[in-house]
$ cat query-v4.txt   # compact mmCIF, C-alpha atoms
# COMPACT_ATOMS: atom_id res chain seq x y z
CA MET A 1 -34.96 -3.07 4.87
CA LEU A 2 -33.94 -1.00 1.92
CA ASN A 3 -33.03 2.56 2.69
CA GLU A 4 -34.10 4.52 -0.36
CA GLU A 5 -31.98 7.55 0.34
CA LYS A 6 -28.93 5.39 0.73
CA VAL A 7 -29.58 3.60 -2.54
CA ILE A 8 -29.92 6.89 -4.39
CA LEU A 9 -26.68 8.18 -2.94
CA MET A 10 -24.84 4.97 -3.66
CA THR A 11 -26.18 4.88 -7.21
CA LYS A 12 -25.00 8.41 -7.83
CA MET A 13 -21.57 7.64 -6.48
CA THR A 14 -21.18 4.42 -8.41
CA ALA A 15 -22.36 6.09 -11.59
CA PHE A 16 -19.79 8.84 -11.06
CA MET A 17 -17.07 6.29 -10.45
CA ASP A 18 -18.05 4.27 -13.50
CA ARG A 19 -17.98 7.32 -15.68
CA GLU A 20 -15.09 9.33 -14.32
CA GLY A 21 -13.51 7.20 -11.67
CA LYS A 22 -10.85 5.47 -13.69
CA LYS A 23 -9.61 8.67 -15.26
CA ASN A 24 -9.80 10.66 -12.04
CA GLY A 25 -8.19 7.85 -10.11
CA THR A 26 -5.14 7.91 -12.33
CA ILE A 27 -4.87 11.68 -12.07
CA ASN A 28 -5.45 11.53 -8.33
CA SER A 29 -2.53 9.17 -7.82
CA TYR A 30 -0.14 11.99 -8.78
CA PHE A 31 0.86 15.11 -6.96
CA ARG A 32 -0.16 18.22 -8.84
CA SER A 33 3.39 19.10 -9.82
CA ASP A 34 4.17 15.53 -10.86
CA TYR A 35 1.08 15.25 -12.98
CA ILE A 36 1.64 18.52 -14.80
CA GLY A 37 5.38 17.94 -15.12
CA PHE A 38 4.87 14.49 -16.53
CA ASN A 39 2.45 15.76 -19.12
CA ILE A 40 4.72 18.65 -20.07
CA ILE A 41 7.52 16.16 -20.69
CA LYS A 42 5.16 14.24 -22.96
CA SER A 43 4.33 17.48 -24.75
CA VAL A 44 8.00 18.31 -25.21
CA ILE A 45 8.57 14.88 -26.73
CA SER A 46 5.66 15.22 -29.13
CA ALA A 47 6.72 18.77 -30.02
CA THR A 48 10.16 17.40 -30.84
CA ILE A 49 8.63 14.76 -33.10
CA VAL A 50 6.45 17.39 -34.76
CA PHE A 51 9.49 19.59 -35.35
CA ALA A 52 11.45 16.67 -36.79
CA ILE A 53 8.58 15.83 -39.14
CA ILE A 54 8.19 19.43 -40.28
CA VAL A 55 11.92 19.84 -40.90
CA GLY A 56 12.03 16.47 -42.68
CA THR A 57 9.12 17.48 -44.89
CA TYR A 58 10.77 20.79 -45.64
CA VAL A 59 14.02 19.08 -46.62
CA LEU A 60 12.16 16.71 -48.94
CA TYR A 61 10.14 19.59 -50.32
CA ASP A 62 13.07 21.84 -51.13
CA PHE A 63 15.80 19.25 -51.54
CA GLU A 64 18.11 21.05 -53.98
CA ASN A 65 18.02 24.32 -52.14
CA VAL A 66 18.75 22.67 -48.80
CA ILE A 67 21.69 20.69 -50.19
CA SER A 68 23.23 23.75 -51.81
CA THR A 69 22.97 25.79 -48.60
CA LEU A 70 24.45 22.92 -46.62
CA TYR A 71 27.56 22.92 -48.82
CA ASN A 72 28.01 26.56 -48.08
CA THR A 73 29.50 26.05 -44.62
CA ASP A 74 29.40 29.70 -43.54
CA ASN A 75 25.66 29.56 -43.45
CA LEU A 76 25.55 26.41 -41.41
CA LEU A 77 25.86 28.09 -38.02
CA THR A 78 23.29 30.81 -38.71
CA ILE A 79 20.82 28.29 -40.13
CA GLY A 80 21.37 26.01 -37.18
CA ARG A 81 20.79 28.86 -34.78
CA ARG A 82 17.62 29.92 -36.58
CA TYR A 83 16.25 26.39 -36.48
CA LEU A 84 17.12 26.09 -32.81
CA ILE A 85 15.10 29.22 -32.13
CA TYR A 86 12.14 27.82 -34.10
CA TYR A 87 12.42 24.61 -32.15
CA LEU A 88 12.53 26.34 -28.77
CA LEU A 89 9.61 28.54 -29.76
CA LEU A 90 7.51 25.53 -30.72
CA VAL A 91 8.39 23.64 -27.56
CA GLY A 92 7.78 26.71 -25.41
CA VAL A 93 4.35 27.51 -26.81
CA TYR A 94 3.32 23.89 -26.74
CA SER A 95 4.49 23.34 -23.17
CA LEU A 96 2.73 26.49 -22.02
CA ALA A 97 -0.51 25.33 -23.61
CA SER A 98 -0.24 21.91 -22.01
CA TYR A 99 0.62 23.49 -18.65
CA ILE A 100 -2.60 25.50 -18.76
CA ILE A 101 -4.74 22.60 -19.94
CA TYR A 102 -3.40 20.08 -17.46
CA SER A 103 -3.53 22.41 -14.46
CA TYR A 104 -7.16 23.06 -15.30
CA ARG A 105 -7.84 19.34 -15.55
CA TYR A 106 -6.10 18.65 -12.27
CA SER A 107 -8.08 21.25 -10.36
CA LYS A 108 -11.32 20.03 -11.92
CA MET A 109 -10.50 16.49 -10.88
CA ARG A 110 -9.75 17.59 -7.30
CA LYS A 111 -13.10 19.31 -7.13
CA ASN A 112 -14.91 16.21 -8.34
CA MET A 113 -13.05 13.98 -5.94
CA LYS A 114 -13.80 16.30 -3.04
CA GLU A 115 -17.49 15.98 -3.81
CA TYR A 116 -17.12 12.23 -3.98
CA TYR A 117 -15.41 12.09 -0.60
CA GLY A 118 -18.12 14.34 0.81
CA ASN A 119 -20.73 11.85 -0.38
CA LEU A 120 -18.72 9.04 1.12
CA LYS A 121 -18.83 10.75 4.52
CA LYS A 122 -22.55 11.28 4.17
CA LEU A 123 -22.99 7.58 3.46
CA ALA A 124 -20.90 6.65 6.48
CA ARG A 125 -23.10 8.82 8.68
CA MET A 126 -26.19 7.09 7.31
CA TYR A 127 -24.75 3.74 8.30
CA GLU A 128 -24.00 5.00 11.79
CA LYS A 129 -27.53 6.24 12.17
CA GLU A 130 -28.94 2.89 11.12
CA GLN A 131 -27.10 1.02 13.80
CA MET B 1 -45.80 24.64 -32.26
CA THR B 2 -47.30 22.49 -29.48
CA SER B 3 -47.31 19.40 -31.65
CA LEU B 4 -43.69 20.07 -32.56
CA LEU B 5 -42.78 20.25 -28.89
CA GLU B 6 -44.65 17.04 -28.27
CA LEU B 7 -42.73 15.42 -31.08
CA LYS B 8 -39.52 16.66 -29.51
CA GLN B 9 -40.46 15.17 -26.16
CA TYR B 10 -41.39 11.93 -27.83
CA ILE B 11 -38.08 11.71 -29.65
CA LYS B 12 -36.22 12.61 -26.48
CA LYS B 13 -37.98 9.87 -24.52
CA PHE B 14 -37.40 7.39 -27.29
CA TYR B 15 -33.72 8.31 -27.40
CA ILE B 16 -33.20 7.97 -23.67
CA LYS B 17 -35.03 4.65 -23.63
CA ASN B 18 -33.12 3.08 -26.49
CA GLU B 19 -29.85 4.94 -26.13
CA THR B 20 -27.61 1.88 -26.32
CA TYR B 21 -28.97 0.66 -29.63
CA ILE B 22 -29.26 4.10 -31.19
CA THR B 23 -25.61 4.73 -30.38
CA TYR B 24 -24.63 1.55 -32.18
CA ILE B 25 -26.76 2.47 -35.16
CA TRP B 26 -25.48 6.01 -35.60
CA LYS B 27 -21.89 4.90 -35.21
CA PHE B 28 -22.44 2.22 -37.82
CA LEU B 29 -24.13 4.64 -40.24
CA LEU B 30 -21.51 7.32 -39.75
CA ALA B 31 -18.71 4.84 -40.35
CA LEU B 32 -20.46 3.42 -43.40
CA VAL B 33 -21.10 6.84 -44.92
CA SER B 34 -17.57 8.07 -44.35
CA ILE B 35 -15.96 4.90 -45.70
CA LEU B 36 -18.21 4.84 -48.75
CA MET B 37 -17.41 8.49 -49.36
CA ILE B 38 -13.69 7.83 -49.13
CA ASN B 39 -14.05 4.87 -51.48
CA GLY B 40 -16.07 6.96 -53.90
CA LYS B 41 -13.51 9.75 -53.94
CA LEU B 42 -10.29 7.77 -53.74
CA GLY B 43 -11.07 4.14 -54.56
CA TYR B 44 -7.63 3.19 -55.82
CA MET B 45 -7.04 0.07 -53.76
CA ASN B 46 -9.38 -2.64 -54.97
CA SER B 47 -9.31 -4.76 -51.84
CA LEU B 48 -10.56 -1.82 -49.74
CA ASN B 49 -13.44 -1.28 -52.17
CA ASN B 50 -14.68 -4.77 -51.43
CA PHE B 51 -18.15 -4.49 -49.96
CA ALA B 52 -17.54 -7.17 -47.33
CA ILE B 53 -14.52 -5.29 -46.00
CA VAL B 54 -16.45 -2.02 -45.90
CA MET B 55 -19.27 -3.68 -43.96
CA MET B 56 -16.85 -5.35 -41.58
CA ALA B 57 -15.06 -2.09 -40.86
CA ALA B 58 -18.35 -0.28 -40.29
CA LEU B 59 -19.60 -2.99 -37.94
CA LEU B 60 -16.33 -2.84 -36.04
CA CYS B 61 -16.76 0.92 -35.69
CA ALA B 62 -20.26 0.39 -34.31
CA ILE B 63 -19.03 -1.53 -31.30
CA LEU B 64 -15.78 0.34 -30.64
CA PRO B 65 -15.53 3.91 -29.29
CA ALA B 66 -16.53 6.73 -31.62
CA ASN B 67 -12.94 7.86 -32.13
CA PHE B 68 -12.21 4.55 -33.79
CA ILE B 69 -14.24 5.69 -36.82
CA VAL B 70 -11.70 8.44 -37.36
CA PHE B 71 -8.89 5.93 -37.15
CA ILE B 72 -10.56 3.58 -39.65
CA ALA B 73 -11.23 6.47 -42.03
CA ALA B 74 -7.56 7.48 -41.81
CA VAL B 75 -6.50 3.90 -42.54
CA PHE B 76 -8.76 3.77 -45.61
CA ILE B 77 -7.44 7.10 -46.90
CA LEU B 78 -3.84 5.99 -46.41
CA GLY B 79 -4.51 2.61 -48.07
CA HIS B 80 -6.02 4.17 -51.17
CA LEU B 81 -3.31 6.80 -51.44
CA TYR B 82 -0.62 4.16 -51.01
CA ALA B 83 -2.11 2.25 -53.92
CA LEU B 84 -2.01 5.47 -55.94
CA ALA B 85 1.57 6.43 -55.05
CA PRO B 86 3.59 6.03 -51.84
CA GLU B 87 4.53 9.71 -51.71
CA CYS B 88 0.86 10.69 -51.62
CA ALA B 89 0.30 8.35 -48.71
CA MET B 90 3.33 9.86 -47.03
CA ILE B 91 1.92 13.37 -47.21
CA ALA B 92 -1.41 12.23 -45.83
CA ALA B 93 0.36 10.32 -43.07
CA ILE B 94 2.37 13.41 -42.15
CA ILE B 95 -0.82 15.43 -41.86
CA PHE B 96 -2.50 12.78 -39.70
CA VAL B 97 0.49 12.42 -37.38
CA LEU B 98 0.81 16.18 -36.93
CA MET B 99 -2.89 16.38 -36.21
CA PHE B 100 -2.69 13.71 -33.58
CA LEU B 101 0.44 15.00 -31.88
CA LEU B 102 -0.48 18.67 -31.89
CA TYR B 103 -4.09 18.60 -30.97
CA PHE B 104 -5.92 15.39 -30.26
CA ARG B 105 -3.71 14.52 -27.35
CA PHE B 106 -5.60 17.30 -25.58
CA SER B 107 -9.17 17.03 -26.74
CA PRO B 108 -10.11 13.56 -27.92
CA LYS B 109 -13.80 14.50 -27.74
CA ASP B 110 -13.59 16.69 -30.79
CA THR B 111 -12.31 14.14 -33.28
CA LEU B 112 -15.72 13.60 -34.85
CA ALA B 113 -15.66 17.17 -36.17
CA VAL B 114 -12.65 16.19 -38.26
CA LEU B 115 -14.63 13.35 -39.76
CA LEU B 116 -17.84 15.31 -40.32
CA THR B 117 -16.23 18.32 -41.98
CA PRO B 118 -15.08 16.39 -45.08
CA ILE B 119 -18.46 14.61 -45.27
CA PHE B 120 -20.32 17.92 -45.32
CA TYR B 121 -17.68 19.36 -47.65
CA PHE B 122 -18.42 16.69 -50.23
CA LEU B 123 -22.13 17.31 -49.75
CA HIS B 124 -21.29 20.92 -50.75
CA ILE B 125 -22.40 22.35 -47.41
CA PRO B 126 -19.21 22.59 -45.33
CA PHE B 127 -20.73 25.73 -43.79
CA VAL B 128 -22.73 23.53 -41.47
CA MET B 129 -19.65 22.63 -39.49
CA PRO B 130 -18.50 26.00 -38.10
CA LEU B 131 -22.07 26.88 -37.12
CA ALA B 132 -22.67 23.50 -35.51
CA MET B 133 -19.38 23.42 -33.65
CA GLY B 134 -19.93 26.96 -32.40
CA LEU B 135 -23.33 25.91 -31.09
CA LEU B 136 -22.39 22.53 -29.66
CA GLY B 137 -18.65 22.77 -29.02
CA THR B 138 -16.09 25.18 -27.67
CA PRO B 139 -13.87 27.78 -29.39
CA ALA B 140 -11.17 25.10 -29.50
CA SER B 141 -13.35 23.24 -31.99
CA ALA B 142 -12.11 25.77 -34.56
CA VAL B 143 -8.91 23.76 -34.69
CA SER B 144 -10.72 20.49 -35.40
CA VAL B 145 -12.81 22.13 -38.09
CA ALA B 146 -9.62 23.54 -39.60
CA PHE B 147 -8.06 20.08 -39.69
CA GLY B 148 -11.26 18.77 -41.25
CA VAL B 149 -11.05 21.42 -43.97
CA VAL B 150 -7.42 20.49 -44.64
CA ILE B 151 -8.35 16.82 -44.97
CA SER B 152 -11.24 17.58 -47.33
CA PHE B 153 -8.94 19.60 -49.56
CA VAL B 154 -6.30 16.87 -49.48
CA ILE B 155 -8.89 14.28 -50.51
CA SER B 156 -10.32 16.42 -53.30
CA TYR B 157 -6.80 17.30 -54.50
CA PHE B 158 -5.81 13.65 -54.79
CA SER B 159 -9.14 12.73 -56.28
CA SER B 160 -9.00 15.35 -59.04
CA ASN B 161 -5.29 15.06 -59.86
CA ALA B 162 -5.06 11.29 -59.65
CA ALA B 163 -3.91 10.76 -63.23
CA THR B 164 -0.66 12.66 -62.72
CA PHE B 165 0.67 10.41 -59.97
CA GLY B 166 2.24 7.01 -60.06
CA SER B 167 5.90 7.51 -60.78
CA ASP B 168 8.90 5.28 -60.88
CA GLY B 169 12.26 6.48 -59.69
CA VAL B 170 13.28 8.54 -56.71
CA VAL B 171 13.79 11.84 -58.52
CA GLU B 172 10.31 11.84 -59.96
CA ALA B 173 8.85 10.92 -56.62
CA ALA B 174 10.68 13.83 -55.00
CA ASN B 175 9.41 16.17 -57.69
CA GLU B 176 5.89 14.95 -57.17
CA PHE B 177 6.25 15.43 -53.43
CA HIS B 178 7.25 19.02 -54.12
CA SER B 179 4.39 19.69 -56.50
CA ILE B 180 1.78 18.09 -54.24
CA LEU B 181 2.89 20.09 -51.22
CA SER B 182 2.99 23.36 -53.10
CA GLY B 183 -0.41 22.54 -54.61
CA LEU B 184 -1.83 21.98 -51.14
CA ILE B 185 -0.17 24.80 -49.23
CA GLY B 186 -0.68 27.26 -52.06
CA ASN B 187 -4.40 26.57 -52.16
CA LYS B 188 -5.87 29.92 -51.23
CA THR B 189 -9.43 28.63 -51.09
CA MET B 190 -8.41 26.34 -48.28
CA ILE B 191 -6.78 29.10 -46.27
CA VAL B 192 -9.74 31.46 -46.74
CA MET B 193 -12.11 28.70 -45.63
CA ILE B 194 -10.04 27.85 -42.55
CA VAL B 195 -9.86 31.46 -41.41
CA ALA B 196 -13.54 32.16 -42.11
CA PHE B 197 -14.61 28.99 -40.30
CA ALA B 198 -12.42 29.74 -37.28
CA ILE B 199 -13.83 33.26 -36.96
CA THR B 200 -17.36 31.92 -37.30
CA VAL B 201 -16.89 29.24 -34.65
CA VAL B 202 -15.67 31.82 -32.15
CA ILE B 203 -18.44 34.32 -32.95
CA VAL B 204 -21.20 31.71 -32.76
CA TYR B 205 -19.81 30.37 -29.50
CA MET B 206 -19.57 33.79 -27.88
CA ILE B 207 -23.09 34.83 -28.83
CA ARG B 208 -24.57 31.45 -27.94
CA ARG B 209 -23.11 31.65 -24.44
CA SER B 210 -24.51 35.12 -23.81
CA SER B 211 -27.61 35.41 -21.68
CA ALA B 212 -29.74 37.25 -24.23
CA ASP B 213 -33.12 35.84 -25.20
CA ASN B 214 -33.02 33.68 -28.30
CA SER B 215 -29.24 33.70 -28.10
CA TRP B 216 -29.04 30.53 -30.18
CA LYS B 217 -31.02 32.01 -33.06
CA ILE B 218 -29.05 35.24 -32.95
CA ALA B 219 -25.85 33.21 -32.88
CA ILE B 220 -26.89 31.22 -35.95
CA ALA B 221 -27.82 34.36 -37.86
CA CYS B 222 -24.63 36.21 -36.91
CA GLY B 223 -22.57 33.14 -37.69
CA ALA B 224 -24.12 32.80 -41.13
CA ILE B 225 -23.56 36.49 -41.90
CA SER B 226 -19.97 36.47 -40.67
CA LEU B 227 -19.32 33.31 -42.68
CA ILE B 228 -20.55 34.93 -45.89
CA ILE B 229 -18.69 38.19 -45.23
CA CYS B 230 -15.44 36.48 -44.26
CA ILE B 231 -15.46 34.26 -47.33
CA LEU B 232 -16.34 37.21 -49.57
CA ILE B 233 -13.53 39.35 -48.18
CA GLY B 234 -11.12 36.44 -48.23
CA SER B 235 -11.86 35.52 -51.80
CA LEU B 236 -11.50 39.15 -52.88
CA VAL B 237 -8.22 39.67 -51.04
CA CYS B 238 -6.61 36.37 -51.99
CA ASP B 239 -8.16 35.95 -55.47
CA ALA B 240 -9.41 32.58 -54.30
CA ASP B 241 -11.63 30.57 -56.56
CA ILE B 242 -14.88 30.37 -54.60
CA SER B 243 -18.35 30.54 -56.09
CA ILE B 244 -20.10 33.29 -54.14
CA ILE B 245 -23.62 32.14 -54.97
CA GLY B 246 -22.79 28.67 -53.73
CA VAL B 247 -21.47 30.16 -50.50
CA ILE B 248 -24.57 32.27 -49.93
CA PHE B 249 -27.06 29.50 -50.65
CA GLY B 250 -24.99 26.93 -48.80
CA THR B 251 -24.79 29.17 -45.76
CA ILE B 252 -28.51 29.92 -45.75
CA PHE B 253 -29.24 26.21 -46.05
CA SER B 254 -26.80 25.45 -43.23
CA ALA B 255 -28.38 28.12 -41.04
CA LEU B 256 -31.80 26.55 -41.59
CA LEU B 257 -30.33 23.18 -40.73
CA MET B 258 -28.94 24.71 -37.55
CA LEU B 259 -32.42 25.80 -36.52
CA VAL B 260 -33.34 22.11 -36.57
CA VAL B 261 -30.23 21.33 -34.53
CA GLU B 262 -31.22 24.02 -32.06
CA PHE B 263 -34.65 22.49 -31.71
CA PHE B 264 -33.29 19.05 -30.97
CA SER B 265 -30.22 20.05 -28.99
CA PHE B 266 -31.14 18.19 -25.87
CA SER B 267 -28.01 16.12 -25.85
CA LEU B 268 -26.24 18.96 -24.08
CA ASP B 269 -28.10 19.20 -20.84
CA TYR B 270 -29.44 15.73 -20.45
CA SER B 271 -27.92 13.14 -18.18
CA ARG B 272 -27.74 9.66 -19.52
CA THR B 273 -29.25 6.43 -18.30
CA GLU B 274 -26.96 4.77 -15.80
CA LYS B 275 -26.77 1.06 -15.19
CA VAL B 276 -24.72 0.36 -12.08
CA GLN B 277 -24.19 -2.48 -9.69
CA PHE B 278 -22.82 -2.35 -6.15
CA GLU B 279 -23.33 -4.04 -2.83
CA ASP B 280 -23.43 -3.32 0.86
CA ASP B 281 -23.46 -5.67 3.82
CA GLU B 282 -26.96 -6.92 3.23
CA TYR B 283 -27.81 -6.60 -0.47
CA TYR B 284 -26.53 -6.66 -3.99
CA TYR B 285 -27.94 -3.74 -5.98
CA TYR B 286 -28.46 -3.75 -9.73
CA VAL B 287 -29.75 -0.26 -10.37
CA LYS B 288 -30.91 1.28 -13.60
CA ALA B 289 -31.29 5.00 -13.13
CA VAL B 290 -33.29 6.70 -15.88
CA PRO B 291 -33.17 10.52 -15.98
CA LYS B 292 -36.47 12.35 -15.69
CA VAL B 293 -37.63 14.08 -18.81
CA THR B 294 -38.95 17.50 -17.90
CA VAL B 295 -41.50 18.95 -20.26
CA SER B 296 -41.16 22.64 -20.88
CA THR B 297 -44.25 23.57 -22.80
CA PRO B 298 -44.86 27.25 -23.47
CA GLU B 299 -47.18 29.09 -21.14
CA ARG B 300 -50.76 29.17 -22.28
CA LYS B 301 -52.39 32.56 -22.19
CA VAL B 302 -56.11 32.50 -21.53
CA LYS B 303 -57.90 35.47 -22.92
CA LYS B 304 -61.30 36.15 -21.40
CA ILE B 305 -63.87 37.72 -23.60
CA ASN B 306 -66.92 38.91 -21.78
CA ARG B 307 -69.65 38.52 -24.28
CA ALA B 308 -72.33 37.98 -21.67
CA ARG B 309 -72.33 41.54 -20.39
CA GLU B 310 -72.63 42.99 -23.87
CA GLN B 311 -75.68 40.91 -24.63
CA HIS B 312 -77.50 42.31 -21.59
CA ARG B 313 -77.17 45.87 -22.72
$ encode --input "query-v4.txt" --output "structure tokens"
Amino acid sequence: MLNEEKVILMTKMTAFMDREGKKNGTINSYFRSDYIGFNIIKSVISATIVFAIIVGTYVLYDFENVISTLYNTDNLLTIGRRYLIYYLLLVGVYSLASYIIYSYRYSKMRKNMKEYYGNLKKLARMYEKEQ
Amino acid sequence: MTSLLELKQYIKKFYIKNETYITYIWKFLLALVSILMINGKLGYMNSLNNFAIVMMAALLCAILPANFIVFIAAVFILGHLYALAPECAMIAAIIFVLMFLLYFRFSPKDTLAVLLTPIFYFLHIPFVMPLAMGLLGTPASAVSVAFGVVISFVISYFSSNAATFGSDGVVEAANEFHSILSGLIGNKTMIVMIVAFAITVVIVYMIRRSSADNSWKIAIACGAISLIICILIGSLVCDADISIIGVIFGTIFSALLMLVVEFFSFSLDYSRTEKVQFEDDEYYYYVKAVPKVTVSTPERKVKKINRAREQHR
């Protein structure tokens, strides 16, 4: 005999898993700190690439000026320091943003998964009742 | 009004019933329109202008995820610009890479805004985008709209200054690189637009989320007004070259368009048709779960007029 209630519950759960399961499953396989840390490392890498591209574009843009300042070796240290500060600022802001975003995502995923596990328990109870 | 609501329900039912096919069709049309627009503005590479290639790309976009349209559009832009001059393609590539690394790693859902903004820009109603994204998106959509504005200005820059490019020799190329970048960054109209659009997105979003009655309509009106005021102030402060009449009429037109969007904005709260299969010990289940469409018709007021008593007097 078909148990209608059971079918509805199972459909809901499968639909959830089809839609979100793969994504949530990957997130769920990490600890919170690992997940966020891993993504912050990714952000730092992409921030570094972004910085390199911006500096490269700037050098191409203002080629003569850059070359002439580079020959003037006194400036080199101050310029280097200034660029380092820019770099750290970019990385810092970007990492902070990704920290916030990914912590939010992790907690949202936990909530969803908790609901899913709750449904799973409900389903198990239905089976017990049937027998 | 009742017939309009009925029409809405009918469209909603039709959409839910045929969702799979409609999705294919709108993706195909969107891809086709954006590619044709790019070809019309920048058609420098002959092989990309080939109709068969355009159709093939659009069909490919129809079956692949929606974000793929953005990728294809970027490829077409880069191809045309490369045919024009490699340094132009390089600038566009830099912009695309920055966009991807900075933003779309976080919110891949918003990429369509980047595609739609240039389309509406070339239809002369870019004002649709901030209003629409405020209504349908989040405040973070301001960033996608901003990127869209940048891309539209890049395309129109290359399309209007095409004759000056095409150099030989490294020095000339470097000079061109310089002049293109200063032409783009120094474009005050672009900056005014970006700021005005960002402010509008946030304002529309905030009002739309409030619990006041008719919050969507108020949000549209406030958004339109703030858009006009911001662009006016911006163009006065920065001496930007913006036609005020165009802005006002464009904004009013966009606001009217938004009323239509508001009417049909059922995509937000509706759950989609699910086709799932699973099994337990006894059965295999192939379930198609179709969401219920709830009809919310306005309350009918019945007014009783007692004529009978008056006649007796």
$ residues_around --input "query-v4.txt" --residues "B:Val145" --least-positions-apart "5" --cutoff "8 Å" --atoms "only C-alpha atoms" --output "number ranges by chain"
B: 113-114, 117, 129-130, 194, 197-198
$ closest_residue --input "query-v4.txt" --among "A:Leu9, A:Ile53, A:Ile27, A:Met109" --to "chain B" --atoms "only C-alpha atoms"
A:Ile53
$ interface_residues --input "query-v4.txt" --of "chain A" --to "chain B" --cutoff "9 Å" --atoms "only C-alpha atoms" --output "VMD selection string"
chain A and resid 2 7 10 to 12 14 to 15 18 43 46 to 47 49 to 50 53 to 54 57 60 to 63 94 98 101 to 102
$ closest_residue --input "query-v4.txt" --among "B:Leu131, B:Ala163, B:Met258, B:Ala73" --to "B:Ala57" --atoms "all atoms listed in the file"
B:Ala73
$ atom_distance --input "query-v4.txt" --atom1 "atom CA of A:Lys111" --atom2 "atom CA of B:Glu19"
29.1 Å
$ atom_distance --input "query-v4.txt" --atom1 "atom CA of B:Asn187" --atom2 "atom CA of B:Leu42"
19.8 Å
$ atom_distance --input "query-v4.txt" --atom1 "atom CA of B:Cys61" --atom2 "atom CA of B:Val75"
12.7 Å
$ closest_residue --input "query-v4.txt" --among "B:Leu59, B:Ala142, B:Leu136, B:Ile199" --to "B:Phe264" --atoms "only C-alpha atoms"
B:Leu136
$ residues_around --input "query-v4.txt" --residues "stretch 28-31 of chain A" --least-positions-apart "5" --cutoff "10 Å" --atoms "only C-alpha atoms" --output "list of chain:residue names"
A:Gly21, A:Lys22, A:Lys23, A:Ile36, A:Gly37, A:Phe38, A:Tyr106, A:Met109, A:Arg110, A:Met113
$ closest_residue --input "query-v4.txt" --among "A:Gly92, A:Glu20, A:Arg32, A:Met13" --to "A:Lys121" --atoms "only C-alpha atoms"
A:Met13
